[in-house]
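One structure below.
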Amino acid sequence: MNIVIYDGSFEGLMTAIFEVYEYKIKQPNIVNSETQTGILFGTIHEVQTNRDKTARVFKKLKDKLTPNAFSQLYKSFLSEEREIENIIYRYIAYVLSSKIAVENDYSNADVLLLQQITRKVHREKHRMEAFVRFELTKDQLYYCLVQPDYNVLPLISKHFENRYADQRWLIYDSRRKYGLYYDLQTVEEVSLNFETDMNDANAVKSICDEKEELYQQLWCTYFDSVNIAARKNMKLHIQHMPKRYWRYLTEKKSTIF
Amino acid sequence: MSDRIKEKLSILADAAKYDVSCSSSGSNRKNKDKGLGNASNGICHAYTEDGRCVSLLKILLTNFCIYDCAYCVSRKSNDVKRAAFTVQEVVDLTINFYRRNYIEGLFLSSGIFTNADYTMERLVQVAKKLRLEHNFNGYIHLKTIPGASEELMKEAGKWADRLSINVEMPTEKSLALLAPDKKREDMIKPMQYLKQEILANKEEKKLFKKTPSFAPAGQSTQMVIGATPETDLEILYMANGFYKTMNMRRVYYSGYVPISNDNRLPAIGTPVPMIRENRLYQADWLMRFYGFKVNEIVDKQNPLLDIDIDPKLGWALRNMDMFPMDVNTIDYQLLMRVPGIGIQSANKITAARKFSRITWEHLKKIGISVNRAKYFIHTDSEFEKKDLQPMQIKQMIMQEGTSKYKPNFSPQLKMF
């Protein structure tokens, strides 16, 4: 086994895959330098992320894949799942080694797996588009903290930019410590240090717009009123709104704190 | 002031919840001039404890009503709290909920006060105000009030994404029994009008791209089931008719929730017919997406859907002479008809079999329900499940899975 270490970025992974071919590395095991833990066996090849090499991999893949299949590579990468680098590598190797288009060959384990992981990431993206609950601050910023299972902020940016074009907003991933900020012109990635504890109700109240609490209460009132008690089905409720998201949902928060 | 608005909201959301439609898709409204919102695929922002999706702010403008329809919680003779929103209150709620990403838009309906036109005019005002004063491009679904004038319907279609008129009951006879003030004709006529307007608008848009849309997400309707003695045959033929002749986007089936002691209706405490409702939706899906004709799902010999099994499995068991099928060769249309294989799996199987012969191992990984499909398909290996009778297959499939509805629907003590 030959270890190939890259910097954890998508471009880094593409460079790594380029170099596997360039240096004819047999049986590569591609690992992220940030998450790898003590390597005991095998030779080590370290990758310096390189724009040109990344571009060449992209170009080659764009020739061989439909745009949809091509986008699977980045989306599945955002899953941060264990071994995702090697799945992507094997997928690319299969695509490059085949004369015909194989992106729909679901009888191949890696093609199917990549499609399934992409779908999971897509589902999480969709959940974030659904479960973000903005709160309005005194200086008229709509902000929301999230902790998505996968690193989906890059995928939801366009949706929020198109939809909330006339309000300033911030969506912050408090696990990965970065966020998206829209200033009425463009969306930018930002890193911040929150000084206030967002779970402390009083601290939150002091920075919120005076109408914020009212609308949160109205939303909870609405949420309770549309429920039909005679049709109660908690299993379905939880299946659609898994409990791990509740702490961010205005209408469910009170049930856990 | 805030307490009063909370009370109003709780009364008028409570009264609107029996309208089941919560769809917010099918429109393609873009965000205009950096305004607020857009409407495209529809997102469910929350789910209530009954497991239903919340995608729109679904409220009545008022629950005052001049009609006395027995199945309706807002009927004139019912002793409930009454309330009414002002146009501005609905607009403020919609905008503020929308800005916080709680909803995709507004679904506004109303009890009928004074007369149909007076009511309809106020609904239209809300939509117009949202679009023009707030540059709101989110989704708007307006209920069309039976008997409202064509000018008002035309105006409504200009601002709304979807319009709907509820047919309420599956047959004219039931409507006459339970809603003596309402006439079937008052519902069918506006549907026809809307259908023509929607079609004409589509044609015009082909010629002049700038033509403003008219109800771009089409029209839908709803009927209450389980309140009256209609069979599934009558219900599904009715729905099929709406899809075919009215170009309905959706027909909704609303299992009757007992809310009244009226002796024309099931008594309070009667369980909501949730399984039946579910089977009707499954049948509806088969008609719309799986290429089934309505007479393949129900017919004179089988006027009721089987409660124990889904209608696709029911169809397969009635047509055992067509099975087993070879998963490597059968047509895509037939593949979708195999119990245990859905549209997504059928797509994957047809894509994958261009590369290699499909085995059971592949099918499992693709994610089909092998427990069901194994009685109806074979791969290269020998088909083992031959000589089973339809009843035996039904029993075996039912034993393998436990119905998600079982706990809800056996009020009796289990003896074994």
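Just remember, in the structure tokens the first chain shown is A, the second B, etc., residues are 1-based per chain, and ligands are 1-based in the order shown.
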Practice item. Compute the chain A side of the contact with chain B at 9 Å, counting only C-alpha atoms, and hand it back as a PyMOL selection string. Key: chain A and resi 102+104-109+112+126-127+129-136+142-143+162-167+184+214-219+221-241+249+251
Exercise for review: Identify, with DSSP run on backbone atoms, the residues in range 135-197 of chain B assigned to helix (DSSP H, G or I), and express the list as a ChimeraX atom specification.
Suggested key: /B:150-159,172-178,184-197
Exercise for review: as a PyMOL selection string, please: all residues of range 196-376 of chain B that backbone DSSP puts in strand (DSSP E).
Suggested key: chain B and resi 219-225+250-255+325-326
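Closest approach to Tyr243 in chain B among B:Met287, B:Leu130, B:Val167, B:Ile275: B:Met287, based on only C-alpha atoms.
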Write out as a PDB file with N, CA and C atoms, in the first residue's frame each polymer residue whose atoms come within 9 Å of Ile44 in chain A, counting only C-alpha atoms; drop sequence neighbours fewer than 3 positions from it.
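Writing the result to result.pdb gives the following:
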```pdb
ATOM      1  N   ASN A   2       0.547   2.195  -0.908  1.00  0.00           N
ATOM      2  CA  ASN A   2       1.269   3.455  -0.963  1.00  0.00           C
ATOM      3  C   ASN A   2       0.374   4.597  -0.504  1.00  0.00           C
ATOM      4  N   ILE A   3       0.850   5.300   0.516  1.00  0.00           N
ATOM      5  CA  ILE A   3       0.045   6.377   1.084  1.00  0.00           C
ATOM      6  C   ILE A   3       0.259   7.672   0.309  1.00  0.00           C
ATOM      7  N   VAL A   4      -0.839   8.306  -0.085  1.00  0.00           N
ATOM      8  CA  VAL A   4      -0.754   9.608  -0.755  1.00  0.00           C
ATOM      9  C   VAL A   4      -1.466  10.613   0.141  1.00  0.00           C
ATOM     10  N   ILE A   5      -0.734  11.625   0.603  1.00  0.00           N
ATOM     11  CA  ILE A   5      -1.322  12.592   1.538  1.00  0.00           C
ATOM     12  C   ILE A   5      -1.611  13.905   0.826  1.00  0.00           C
ATOM     13  N   ILE A  39       0.643   6.857  10.461  1.00  0.00           N
ATOM     14  CA  ILE A  39       0.726   5.815   9.450  1.00  0.00           C
ATOM     15  C   ILE A  39       1.879   4.885   9.786  1.00  0.00           C
ATOM     16  N   PHE A  41       2.535   1.667   8.003  1.00  0.00           N
ATOM     17  CA  PHE A  41       3.146   0.901   6.914  1.00  0.00           C
ATOM     18  C   PHE A  41       3.079   1.655   5.597  1.00  0.00           C
TER      19      PHE A  41
END
```
Tell me, as an mmCIF file with C-alpha atoms, in the first residue's frame, which residues lie within 7 Å of range 56-64 of chain A, counting only C-alpha atoms; anything in the same chain fewer than 6 positions away does not count.
```
data_model
loop_
_atom_site.group_PDB
_atom_site.id
_atom_site.type_symbol
_atom_site.label_atom_id
_atom_site.label_comp_id
_atom_site.auth_asym_id
_atom_site.auth_seq_id
_atom_site.Cartn_x
_atom_site.Cartn_y
_atom_site.Cartn_z
ATOM 1 C CA MET A 14 -7.608 16.224 -7.811
ATOM 2 C CA PHE A 18 -3.144 13.427 -11.109
ATOM 3 C CA PHE A 70 -19.099 15.383 -13.009
ATOM 4 C CA ALA A 101 -19.366 6.095 -20.864
#
```
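For the choices A:Ile84, A:Ile171, A:Cys144, A:Leu153, the atom-to-atom distance to Leu114 in chain A is smallest for A:Ile84 when using only C-alpha atoms.
Of note, CA of Met169 in chain B and CA of Phe107 in chain B are spaced 21.1 Å apart.
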Review point. What's the 6 Å shell around range 325-331 of chain B, counting only C-alpha atoms, without same-chain residues fewer than 3 positions away, as number ranges by chain?
Key: B: 334, 377-379
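Residues in contact range of Arg264 in chain B, defined as at most 9 Å between only C-alpha atoms, with sequence neighbours fewer than 2 positions away removed, read Ala70, Leu177, Leu178, Ala227, Thr228, Asn261, Asp262, Pro266 and Ala267 of chain B.
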